[in-house]
$ cat structure32.pdb   # PDB, C-alpha atoms
ATOM      1  CA  MET A 413      12.960 100.651 -97.616
ATOM      2  CA  ASP A 414      12.479 103.229-100.368
ATOM      3  CA  ILE A 415      11.289 101.811-103.703
ATOM      4  CA  LEU A 416      11.126 103.713-106.967
ATOM      5  CA  ILE A 417       7.569 103.464-108.266
ATOM      6  CA  PRO A 418       6.105 105.171-111.385
ATOM      7  CA  VAL A 419       3.833 108.122-110.585
ATOM      8  CA  ILE A 420       0.824 106.478-112.241
ATOM      9  CA  LEU A 421       0.338 104.304-109.144
ATOM     10  CA  PRO A 422      -2.606 105.468-107.028
ATOM     11  CA  ASN A 423      -1.896 107.577-103.972
ATOM     12  CA  LYS A 424      -3.753 105.004-101.888
ATOM     13  CA  LEU A 425      -0.396 103.447-101.070
ATOM     14  CA  ILE A 426       0.961 106.492 -99.290
ATOM     15  CA  THR A 427      -2.048 107.819 -97.386
ATOM     16  CA  MET A 428      -4.049 106.153 -94.660
ATOM     17  CA  GLU A 429      -7.536 105.053 -95.574
ATOM     18  CA  PRO A 430     -10.026 107.534 -94.140
ATOM     19  CA  LEU A 431     -12.553 106.087 -91.738
ATOM     20  CA  LYS A 432     -15.909 105.311 -93.318
ATOM     21  CA  LYS A 433     -17.619 107.779 -91.040
ATOM     22  CA  LYS A 434     -15.617 110.776 -89.933
ATOM     23  CA  LEU A 435     -15.002 110.844 -86.217
ATOM     24  CA  GLU A 436     -16.689 113.853 -84.724
ATOM     25  CA  GLY A 437     -13.818 115.547 -82.926
ATOM     26  CA  TYR A 438     -13.244 114.988 -79.240
ATOM     27  CA  THR A 439     -16.880 114.695 -78.140
ATOM     28  CA  LEU A 440     -17.137 111.025 -79.111
ATOM     29  CA  TYR A 441     -14.431 110.093 -76.610
ATOM     30  CA  LEU A 442     -15.777 112.468 -73.959
ATOM     31  CA  PHE A 443     -19.266 110.918 -74.139
ATOM     32  CA  THR A 444     -17.771 107.428 -74.175
ATOM     33  CA  PHE A 445     -15.754 108.204 -71.031
ATOM     34  CA  VAL A 446     -18.790 109.684 -69.256
ATOM     35  CA  GLY A 447     -20.956 106.701 -70.228
ATOM     36  CA  LEU A 448     -18.356 104.141 -69.126
ATOM     37  CA  SER A 449     -17.791 105.969 -65.820
ATOM     38  CA  ILE A 450     -21.538 106.084 -65.078
ATOM     39  CA  LEU A 451     -21.790 102.341 -65.780
ATOM     40  CA  THR A 452     -18.805 101.674 -63.481
ATOM     41  CA  LEU A 453     -20.420 103.664 -60.660
ATOM     42  CA  LEU A 454     -23.740 101.913 -61.304
ATOM     43  CA  ALA A 455     -22.030  98.522 -60.921
ATOM     44  CA  VAL A 456     -20.417  99.674 -57.657
ATOM     45  CA  TRP A 457     -23.781 100.969 -56.391
ATOM     46  CA  LEU A 458     -25.437  97.638 -57.206
ATOM     47  CA  THR A 459     -23.129  95.885 -54.749
ATOM     48  CA  GLN A 460     -24.700  97.995 -51.980
ATOM     49  CA  VAL A 461     -28.256  96.963 -52.904
ATOM     50  CA  ARG A 462     -29.752  93.889 -51.263
ATOM     51  CA  PHE A 463     -31.049  91.863 -54.206
ATOM     52  CA  GLY A 464     -30.472  88.168 -54.665
ATOM     53  CA  SER A 465     -26.772  87.290 -55.023
ATOM     54  CA  ALA A 466     -27.199  85.600 -58.428
ATOM     55  CA  LEU A 467     -29.168  88.575 -59.761
ATOM     56  CA  ILE A 468     -26.479  91.030 -58.636
ATOM     57  CA  VAL A 469     -23.730  88.947 -60.271
ATOM     58  CA  GLY A 470     -25.773  88.758 -63.486
ATOM     59  CA  LEU A 471     -26.439  92.507 -63.511
ATOM     60  CA  ILE A 472     -22.815  93.420 -62.796
ATOM     61  CA  MET A 473     -21.539  91.140 -65.551
ATOM     62  CA  ALA A 474     -24.178  92.515 -67.945
ATOM     63  CA  ILE A 475     -22.930  96.035 -67.194
ATOM     64  CA  ALA A 476     -19.348  94.873 -67.871
ATOM     65  CA  ALA A 477     -20.509  93.397 -71.202
ATOM     66  CA  VAL A 478     -22.175  96.706 -72.187
ATOM     67  CA  GLN A 479     -18.981  98.578 -71.252
ATOM     68  CA  ALA A 480     -16.927  96.154 -73.358
ATOM     69  CA  ILE A 481     -19.215  96.728 -76.355
ATOM     70  CA  ILE A 482     -18.867 100.518 -75.964
ATOM     71  CA  VAL A 483     -15.053 100.254 -75.807
ATOM     72  CA  LEU A 484     -14.933  97.925 -78.826
ATOM     73  CA  PHE A 485     -17.274  99.955 -81.022
ATOM     74  CA  TYR A 486     -16.267 103.514 -80.145
ATOM     75  CA  ASN A 487     -12.809 103.555 -78.542
ATOM     76  CA  MET A 488     -11.495 100.757 -80.768
ATOM     77  CA  HIS A 489     -13.433 102.101 -83.778
ATOM     78  CA  LEU A 490     -15.244  98.931 -84.832
ATOM     79  CA  LYS A 491     -18.228 101.115 -85.700
ATOM     80  CA  PHE A 492     -16.158 103.046 -88.216
ATOM     81  CA  HIS A 493     -14.236 100.210 -89.901
ATOM     82  CA  ASP A 494     -15.192  97.395 -92.261
ATOM     83  CA  LYS A 495     -17.977  95.101 -91.102
ATOM     84  CA  ILE A 496     -15.680  92.085 -91.523
ATOM     85  CA  LEU A 497     -13.638  93.210 -88.507
ATOM     86  CA  THR A 498     -16.818  93.401 -86.409
ATOM     87  CA  ILE A 499     -17.705  89.872 -87.541
ATOM     88  CA  PHE A 500     -14.220  88.615 -86.543
ATOM     89  CA  VAL A 501     -14.495  90.220 -83.103
ATOM     90  CA  GLY A 502     -18.021  88.830 -82.708
ATOM     91  CA  ILE A 503     -16.776  85.323 -83.522
ATOM     92  CA  ILE A 504     -13.872  85.620 -81.053
ATOM     93  CA  PHE A 505     -16.121  86.777 -78.207
ATOM     94  CA  SER A 506     -18.724  84.124 -79.048
ATOM     95  CA  VAL A 507     -16.035  81.407 -78.896
ATOM     96  CA  ILE A 508     -14.764  82.740 -75.551
ATOM     97  CA  PHE A 509     -18.321  82.877 -74.161
ATOM     98  CA  LEU A 510     -19.109  79.344 -75.391
ATOM     99  CA  VAL A 511     -15.885  77.871 -73.994
ATOM    100  CA  ILE A 512     -16.595  79.409 -70.578
ATOM    101  CA  LEU A 513     -20.265  78.341 -70.701
ATOM    102  CA  VAL A 514     -19.578  74.747 -71.784
ATOM    103  CA  THR A 515     -16.750  74.308 -69.247
ATOM    104  CA  MET A 516     -18.899  75.671 -66.433
ATOM    105  CA  LEU A 517     -21.870  73.493 -67.422
ATOM    106  CA  ASP A 518     -19.613  70.447 -67.489
ATOM    107  CA  PHE A 519     -18.052  71.384 -64.138
ATOM    108  CA  VAL A 520     -21.371  72.121 -62.408
ATOM    109  CA  ASN A 521     -23.049  68.932 -63.634
ATOM    110  CA  ARG A 522     -20.291  66.497 -62.594
TER
ATOM    111  CA  MET B 886      11.091 112.211-119.850
ATOM    112  CA  GLU B 887      10.408 109.463-117.314
ATOM    113  CA  HIS B 888       8.963 110.643-113.992
ATOM    114  CA  THR B 889       9.692 108.734-110.819
ATOM    115  CA  LEU B 890       8.579 109.380-107.274
ATOM    116  CA  THR B 891      10.044 107.916-104.114
ATOM    117  CA  LEU B 892       7.187 106.241-102.240
ATOM    118  CA  GLU B 893       7.197 104.425 -98.964
ATOM    119  CA  HIS B 894       5.623 100.976 -99.229
ATOM    120  CA  ARG B 895       2.911 100.810 -96.599
ATOM    121  CA  ASP B 896      -0.303  98.944 -95.972
ATOM    122  CA  ASP B 897      -2.071 100.488 -93.016
ATOM    123  CA  ASP B 898      -5.147  98.248 -93.293
ATOM    124  CA  ALA B 899      -2.961  95.154 -93.016
ATOM    125  CA  SER B 900      -1.166  96.751 -90.074
ATOM    126  CA  ARG B 901      -4.486  97.352 -88.306
ATOM    127  CA  ILE B 902      -5.717  93.818 -88.970
ATOM    128  CA  GLY B 903      -2.390  92.456 -87.719
ATOM    129  CA  MET B 904      -2.859  94.399 -84.501
ATOM    130  CA  TRP B 905      -6.378  93.021 -84.125
ATOM    131  CA  LEU B 906      -5.080  89.457 -84.607
ATOM    132  CA  PHE B 907      -2.539  90.075 -81.858
ATOM    133  CA  ILE B 908      -5.301  91.471 -79.629
ATOM    134  CA  PHE B 909      -7.343  88.295 -80.246
ATOM    135  CA  THR B 910      -4.474  86.186 -78.870
ATOM    136  CA  GLU B 911      -4.283  88.434 -75.816
ATOM    137  CA  LEU B 912      -8.034  88.132 -75.283
ATOM    138  CA  PHE B 913      -7.755  84.337 -75.408
ATOM    139  CA  LEU B 914      -4.965  84.480 -72.820
ATOM    140  CA  PHE B 915      -7.096  86.493 -70.393
ATOM    141  CA  ALA B 916     -10.212  84.469 -71.255
ATOM    142  CA  GLY B 917      -8.375  81.327 -70.086
ATOM    143  CA  LEU B 918      -7.631  83.031 -66.801
ATOM    144  CA  PHE B 919     -11.247  84.204 -66.449
ATOM    145  CA  LEU B 920     -12.297  80.586 -66.985
ATOM    146  CA  VAL B 921      -9.948  79.424 -64.212
ATOM    147  CA  PHE B 922     -11.367  82.166 -61.976
ATOM    148  CA  ALA B 923     -14.960  81.103 -62.734
ATOM    149  CA  VAL B 924     -14.271  77.437 -61.997
ATOM    150  CA  TYR B 925     -12.502  78.110 -58.684
ATOM    151  CA  ARG B 926     -15.038  80.723 -57.658
ATOM    152  CA  TYR B 927     -17.741  78.087 -58.090
ATOM    153  CA  LYS B 928     -15.689  75.479 -56.245
ATOM    154  CA  TYR B 929     -14.628  77.728 -53.332
ATOM    155  CA  ALA B 930     -17.552  80.183 -53.245
ATOM    156  CA  GLU B 931     -17.278  80.875 -49.502
ATOM    157  CA  GLY B 932     -13.486  81.423 -49.561
ATOM    158  CA  PHE B 933     -13.699  83.737 -52.589
ATOM    159  CA  HIS B 934     -16.540  85.661 -50.951
ATOM    160  CA  LEU B 935     -14.499  86.324 -47.792
ATOM    161  CA  ALA B 936     -11.210  86.979 -49.592
ATOM    162  CA  ALA B 937     -12.808  89.530 -51.961
ATOM    163  CA  GLN B 938     -13.806  91.606 -48.938
ATOM    164  CA  GLU B 939     -10.096  92.220 -48.281
ATOM    165  CA  LEU B 940      -9.929  94.329 -51.465
ATOM    166  CA  ASN B 941     -10.691  98.040 -51.357
ATOM    167  CA  VAL B 942     -13.610  98.825 -53.702
ATOM    168  CA  THR B 943     -12.901 102.589 -53.559
ATOM    169  CA  VAL B 944      -9.307 102.141 -54.778
ATOM    170  CA  GLY B 945     -10.526  99.753 -57.499
ATOM    171  CA  THR B 946     -13.202 102.234 -58.615
ATOM    172  CA  ILE B 947     -10.740 105.135 -58.719
ATOM    173  CA  ASN B 948      -8.338 103.022 -60.768
ATOM    174  CA  SER B 949     -11.171 102.109 -63.159
ATOM    175  CA  ILE B 950     -12.035 105.780 -63.709
ATOM    176  CA  ILE B 951      -8.336 106.615 -64.205
ATOM    177  CA  LEU B 952      -7.995 103.911 -66.863
ATOM    178  CA  LEU B 953     -11.201 105.021 -68.615
ATOM    179  CA  LEU B 954      -9.952 108.614 -68.578
ATOM    180  CA  SER B 955      -6.655 107.501 -70.133
ATOM    181  CA  GLY B 956      -8.699 105.758 -72.836
ATOM    182  CA  MET B 957     -10.373 109.102 -73.569
ATOM    183  CA  THR B 958      -7.080 111.013 -73.858
ATOM    184  CA  MET B 959      -5.647 108.265 -76.082
ATOM    185  CA  GLY B 960      -8.735 108.513 -78.311
ATOM    186  CA  ILE B 961      -8.472 112.308 -78.526
ATOM    187  CA  SER B 962      -4.827 112.005 -79.609
ATOM    188  CA  TYR B 963      -6.040 109.808 -82.491
ATOM    189  CA  VAL B 964      -8.353 112.608 -83.659
ATOM    190  CA  THR B 965      -5.872 115.444 -83.168
ATOM    191  CA  ILE B 966      -3.054 113.707 -85.086
ATOM    192  CA  GLN B 967      -5.393 113.415 -88.085
ATOM    193  CA  LYS B 968      -6.170 117.119 -87.809
ATOM    194  CA  GLY B 969      -2.454 117.908 -87.772
ATOM    195  CA  GLU B 970      -2.612 119.280 -84.207
ATOM    196  CA  LYS B 971       0.787 118.020 -83.127
ATOM    197  CA  LYS B 972       0.980 119.929 -79.829
ATOM    198  CA  ILE B 973      -2.415 118.719 -78.541
ATOM    199  CA  THR B 974      -1.563 115.180 -79.649
ATOM    200  CA  LEU B 975       1.632 115.281 -77.574
ATOM    201  CA  ILE B 976      -0.238 116.701 -74.561
ATOM    202  CA  MET B 977      -2.913 113.993 -74.772
ATOM    203  CA  LEU B 978      -0.358 111.196 -75.124
ATOM    204  CA  THR B 979       1.632 112.568 -72.167
ATOM    205  CA  ILE B 980      -1.539 112.716 -70.031
ATOM    206  CA  THR B 981      -2.263 109.097 -71.051
ATOM    207  CA  ILE B 982       1.177 108.061 -69.802
ATOM    208  CA  LEU B 983       0.743 109.996 -66.547
ATOM    209  CA  LEU B 984      -2.652 108.383 -65.922
ATOM    210  CA  GLY B 985      -1.132 104.968 -66.598
ATOM    211  CA  ILE B 986       1.596 105.708 -64.023
ATOM    212  CA  VAL B 987      -1.033 106.839 -61.478
ATOM    213  CA  PHE B 988      -2.907 103.567 -62.066
ATOM    214  CA  LEU B 989       0.279 101.552 -61.493
ATOM    215  CA  THR B 990       1.134 103.588 -58.376
ATOM    216  CA  ASN B 991      -2.308 102.853 -56.873
ATOM    217  CA  LYS B 992      -1.840  99.204 -57.761
ATOM    218  CA  PHE B 993       1.611  99.202 -56.138
ATOM    219  CA  PHE B 994       0.226 100.525 -52.830
ATOM    220  CA  GLU B 995      -2.676  98.098 -52.992
ATOM    221  CA  TRP B 996      -0.283  95.185 -53.478
ATOM    222  CA  LYS B 997       2.043  96.535 -50.768
ATOM    223  CA  LEU B 998      -0.827  96.555 -48.268
ATOM    224  CA  LYS B 999      -1.573  92.921 -49.082
ATOM    225  CA  PHE B1000       2.102  92.029 -48.585
ATOM    226  CA  VAL B1001       2.107  93.850 -45.222
ATOM    227  CA  HIS B1002      -0.919  91.751 -44.181
ATOM    228  CA  GLY B1003       0.840  88.594 -45.377
ATOM    229  CA  LEU B1004      -1.744  87.982 -48.097
ATOM    230  CA  TYR B1005       0.595  87.016 -50.919
ATOM    231  CA  PRO B1006       1.188  83.642 -52.598
ATOM    232  CA  GLY B1007       3.520  81.450 -50.567
ATOM    233  CA  SER B1008       3.213  83.418 -47.313
ATOM    234  CA  GLY B1009       2.713  81.419 -44.106
ATOM    235  CA  GLU B1010      -0.289  83.555 -43.183
ATOM    236  CA  LEU B1011      -2.102  82.909 -46.468
ATOM    237  CA  ILE B1012      -1.376  79.173 -46.395
ATOM    238  CA  SER B1013      -2.974  78.998 -42.943
ATOM    239  CA  LEU B1014      -6.233  80.354 -44.440
ATOM    240  CA  SER B1015      -8.787  78.361 -46.443
ATOM    241  CA  ARG B1016      -8.084  76.908 -49.907
ATOM    242  CA  GLY B1017     -10.481  79.488 -51.382
ATOM    243  CA  ASP B1018      -8.432  82.380 -49.934
ATOM    244  CA  VAL B1019      -5.216  80.895 -51.341
ATOM    245  CA  MET B1020      -6.766  80.490 -54.812
ATOM    246  CA  PHE B1021      -8.356  83.954 -54.746
ATOM    247  CA  PHE B1022      -5.152  85.792 -53.876
ATOM    248  CA  GLY B1023      -3.094  83.595 -56.226
ATOM    249  CA  LEU B1024      -5.382  84.558 -59.100
ATOM    250  CA  TYR B1025      -5.614  88.169 -57.910
ATOM    251  CA  PHE B1026      -1.846  88.655 -57.981
ATOM    252  CA  PHE B1027      -1.371  86.753 -61.236
ATOM    253  CA  MET B1028      -4.188  88.387 -63.200
ATOM    254  CA  THR B1029      -3.739  91.963 -61.964
ATOM    255  CA  GLY B1030       0.037  91.483 -62.306
ATOM    256  CA  LEU B1031      -0.307  90.321 -65.904
ATOM    257  CA  HIS B1032      -2.639  93.247 -66.572
ATOM    258  CA  ALA B1033      -0.096  95.658 -65.032
ATOM    259  CA  LEU B1034       2.644  94.124 -67.210
ATOM    260  CA  HIS B1035       0.524  94.819 -70.303
ATOM    261  CA  LEU B1036       0.006  98.364 -69.067
ATOM    262  CA  ILE B1037       3.779  98.855 -68.750
ATOM    263  CA  VAL B1038       4.201  97.597 -72.339
ATOM    264  CA  GLY B1039       1.478 100.063 -73.370
ATOM    265  CA  LEU B1040       3.353 102.906 -71.646
ATOM    266  CA  ILE B1041       6.545 101.981 -73.546
ATOM    267  CA  LEU B1042       4.602 101.903 -76.837
ATOM    268  CA  ILE B1043       3.066 105.330 -76.193
ATOM    269  CA  SER B1044       6.496 106.712 -75.270
ATOM    270  CA  ILE B1045       7.785 105.524 -78.661
ATOM    271  CA  VAL B1046       4.759 107.155 -80.327
ATOM    272  CA  ILE B1047       5.484 110.454 -78.535
ATOM    273  CA  TRP B1048       9.103 110.325 -79.709
ATOM    274  CA  ARG B1049       8.014 109.676 -83.297
ATOM    275  CA  VAL B1050       5.423 112.467 -83.214
ATOM    276  CA  ILE B1051       8.103 114.868 -81.971
ATOM    277  CA  LYS B1052      10.433 113.729 -84.766
ATOM    278  CA  GLY B1053       7.646 114.174 -87.327
ATOM    279  CA  ARG B1054       7.586 110.484 -88.276
ATOM    280  CA  ILE B1055       3.964 110.199 -87.159
ATOM    281  CA  HIS B1056       1.770 112.874 -88.678
ATOM    282  CA  ALA B1057      -1.666 113.592 -90.192
ATOM    283  CA  THR B1058      -1.268 111.120 -93.077
ATOM    284  CA  LYS B1059       0.859 108.509 -91.324
ATOM    285  CA  PHE B1060      -0.394 107.481 -87.903
ATOM    286  CA  ALA B1061      -0.673 103.681 -87.988
ATOM    287  CA  LEU B1062       1.626 103.240 -84.975
ATOM    288  CA  LEU B1063      -0.461 105.688 -82.933
ATOM    289  CA  GLU B1064      -3.674 103.933 -83.977
ATOM    290  CA  ASN B1065      -2.319 100.474 -83.150
ATOM    291  CA  SER B1066      -0.878 101.656 -79.827
ATOM    292  CA  GLY B1067      -4.333 103.070 -79.097
ATOM    293  CA  LEU B1068      -5.920  99.707 -79.909
ATOM    294  CA  TYR B1069      -3.498  98.024 -77.512
ATOM    295  CA  TRP B1070      -4.251 100.588 -74.790
ATOM    296  CA  HIS B1071      -8.005 100.109 -75.181
ATOM    297  CA  MET B1072      -7.499  96.333 -75.007
ATOM    298  CA  ILE B1073      -5.959  96.934 -71.550
ATOM    299  CA  ASP B1074      -9.131  98.919 -70.711
ATOM    300  CA  LEU B1075     -11.243  96.056 -71.976
ATOM    301  CA  VAL B1076      -9.514  93.482 -69.759
ATOM    302  CA  TRP B1077      -9.820  95.737 -66.689
ATOM    303  CA  ILE B1078     -13.547  96.171 -67.357
ATOM    304  CA  PHE B1079     -13.928  92.461 -66.501
ATOM    305  CA  LEU B1080     -11.166  92.195 -63.874
ATOM    306  CA  PHE B1081     -12.657  94.974 -61.739
ATOM    307  CA  PRO B1082     -16.122  93.460 -61.123
ATOM    308  CA  LEU B1083     -14.768  89.906 -60.791
ATOM    309  CA  PHE B1084     -12.289  90.744 -58.040
ATOM    310  CA  TYR B1085     -13.752  93.831 -56.365
ATOM    311  CA  LEU B1086     -17.519  93.764 -56.789
ATOM    312  CA  ILE B1087     -18.737  90.168 -56.858
ATOM    313  CA  ASN B1088     -18.472  89.229 -53.206
TER
END
$ encode --input "structure32.pdb" --output "structure tokens"
Amino acid sequence: MDILIPVILPNKLITMEPLKKKLEGYTLYLFTFVGLSILTLLAVWLTQVRFGSALIVGLIMAIAAVQAIIVLFYNMHLKFHDKILTIFVGIIFSVIFLVILVTMLDFVNR
Amino acid sequence: MEHTLTLEHRDDDASRIGMWLFIFTELFLFAGLFLVFAVYRYKYAEGFHLAAQELNVTVGTINSIILLLSGMTMGISYVTIQKGEKKITLIMLTITILLGIVFLTNKFFEWKLKFVHGLYPGSGELISLSRGDVMFFGLYFFMTGLHALHLIVGLILISIVIWRVIKGRIHATKFALLENSGLYWHMIDLVWIFLFPLFYLIN
């Protein structure tokens, strides 16, 4: 809907807020892709190594967690937006982790 | 003389936060399913271990790389639209769609192979196997199916973005829809990052 507004209003309304730190062209996404791919291949390679089963599971899930952090901070731009958004995301993931942890602890100790 | 200017009422920050709130609900949905997976994996460890060996790690790895690559092209389109490079933006978005279709095609053939082997929920062959096998393939089809459904929605969103870029309704100073579609696409990446090791690697 078009609304007539006096010109004295700031231009903030009609332009997108620039990111706090300017994204450096395409290289950010290229490096992110390379890093995520290497971590994926590392996780696949770990399944071929004969460590203890629990250790392998722990390592593979740790790699997945690192990949998730990379996607959240760089691909989804958490690093470049307000800190409050990072705090929200941190709370959400903490709640998810706690729910899974508490449920599993309850289930295992029955 | 009174000056007036026709302005479009927009709040891109609110739009972005709204998208994040939606993503939170999606994450909770998948988190619930991951919880179900964790509980049943603990309960039927042996069955899950054997059933997971039926999945092809190579196909899963290739699909992971394809999805990560699509995340890169989506990200590049976000940079190019801000630089006013309309043509490159359209190319990157089109490549993202093509990669998404390749991912779905691989998934289709993977599913088809399981159907050929009778490893689908409700099949006589699967019911004759252990409870762990039944649970594993039930969760496999439901979770990867739900993920694929999200991917299809993502493809539709990106198609709309492409149309709007062509029409000039998304440009260097107005790209909230592209940004939010990108967030949605990366959320699909994020879910796959956990689905892949859980189903394909931990066996």
$ residues_around --input "structure32.pdb" --residues "range 1009-1014 of chain B" --least-positions-apart "3" --cutoff "12 Å" --atoms "all atoms listed in the file" --output "list in words"
Gly932, Phe933, Leu935, Ala936, Lys999, Phe1000, Val1001, His1002, Gly1003, Leu1004, Tyr1005, Pro1006, Gly1017, Asp1018, Val1019, Met1020, Phe1021, Phe1022 and Gly1023 of chain B
$ interface_residues --input "structure32.pdb" --of "chain B" --to "chain A" --cutoff "7 Å" --atoms "all atoms listed in the file" --output "PDB file with C-alpha atoms, in the coordinates of the input"
ATOM      1  CA  HIS B 888       8.963 110.643-113.992  1.00  0.00           C
ATOM      2  CA  THR B 889       9.692 108.734-110.819  1.00  0.00           C
ATOM      3  CA  LEU B 890       8.579 109.380-107.274  1.00  0.00           C
ATOM      4  CA  THR B 891      10.044 107.916-104.114  1.00  0.00           C
ATOM      5  CA  LEU B 892       7.187 106.241-102.240  1.00  0.00           C
ATOM      6  CA  GLU B 893       7.197 104.425 -98.964  1.00  0.00           C
ATOM      7  CA  HIS B 894       5.623 100.976 -99.229  1.00  0.00           C
ATOM      8  CA  ARG B 895       2.911 100.810 -96.599  1.00  0.00           C
ATOM      9  CA  ASP B 896      -0.303  98.944 -95.972  1.00  0.00           C
ATOM     10  CA  ASP B 897      -2.071 100.488 -93.016  1.00  0.00           C
ATOM     11  CA  ALA B 916     -10.212  84.469 -71.255  1.00  0.00           C
ATOM     12  CA  LEU B 920     -12.297  80.586 -66.985  1.00  0.00           C
ATOM     13  CA  VAL B 924     -14.271  77.437 -61.997  1.00  0.00           C
ATOM     14  CA  ILE B 950     -12.035 105.780 -63.709  1.00  0.00           C
ATOM     15  CA  LEU B 953     -11.201 105.021 -68.615  1.00  0.00           C
ATOM     16  CA  LEU B 954      -9.952 108.614 -68.578  1.00  0.00           C
ATOM     17  CA  MET B 957     -10.373 109.102 -73.569  1.00  0.00           C
ATOM     18  CA  GLY B 960      -8.735 108.513 -78.311  1.00  0.00           C
ATOM     19  CA  ILE B 961      -8.472 112.308 -78.526  1.00  0.00           C
ATOM     20  CA  VAL B 964      -8.353 112.608 -83.659  1.00  0.00           C
ATOM     21  CA  THR B1058      -1.268 111.120 -93.077  1.00  0.00           C
ATOM     22  CA  LYS B1059       0.859 108.509 -91.324  1.00  0.00           C
ATOM     23  CA  LEU B1068      -5.920  99.707 -79.909  1.00  0.00           C
ATOM     24  CA  HIS B1071      -8.005 100.109 -75.181  1.00  0.00           C
ATOM     25  CA  LEU B1075     -11.243  96.056 -71.976  1.00  0.00           C
ATOM     26  CA  ILE B1078     -13.547  96.171 -67.357  1.00  0.00           C
ATOM     27  CA  PHE B1079     -13.928  92.461 -66.501  1.00  0.00           C
ATOM     28  CA  PRO B1082     -16.122  93.460 -61.123  1.00  0.00           C
ATOM     29  CA  LEU B1086     -17.519  93.764 -56.789  1.00  0.00           C
ATOM     30  CA  ILE B1087     -18.737  90.168 -56.858  1.00  0.00           C
TER      31      ILE B1087
END
$ atom_distance --input "structure32.pdb" --atom1 "CA of Leu912 in chain B" --atom2 "CA of Leu952 in chain B"
17.9 Å
$ resolve_selection --input "structure32.pdb" --expression "the PyMOL selection byres ((chain B and resi 1055) around 12)" --output "ChimeraX atom specification"
/A:428 /B:962-963,965-967,969-971,974-975,1045-1054,1056-1064
$ closest_residue --input "structure32.pdb" --among "B:Met959, B:Asn1065, B:Gly1007, B:Phe1026" --to "Leu906 in chain B" --atoms "all atoms listed in the file"
B:Asn1065
$ atom_distance --input "structure32.pdb" --atom1 "CA of Ile1037 in chain B" --atom2 "CA of Phe915 in chain B"
16.5 Å
$ residues_around --input "structure32.pdb" --residues "range 939-948 of chain B" --least-positions-apart "3" --cutoff "6 Å" --atoms "all atoms listed in the file" --output "MDAnalysis selection string"
chainID B and resid 936 951 988 1085
$ atom_distance --input "structure32.pdb" --atom1 "CA of Leu1036 in chain B" --atom2 "CA of Leu1083 in chain B"
18.9 Å
$ axis_aligned_box --input "structure32.pdb" --around "range 967-984 of chain B" --padding-each-side "6 Å" --output "AutoDock Vina command-line options"
--center_x -2.3 --center_y 114.0 --center_z -77.0 --size_x 19.8 --size_y 23.9 --size_z 34.2
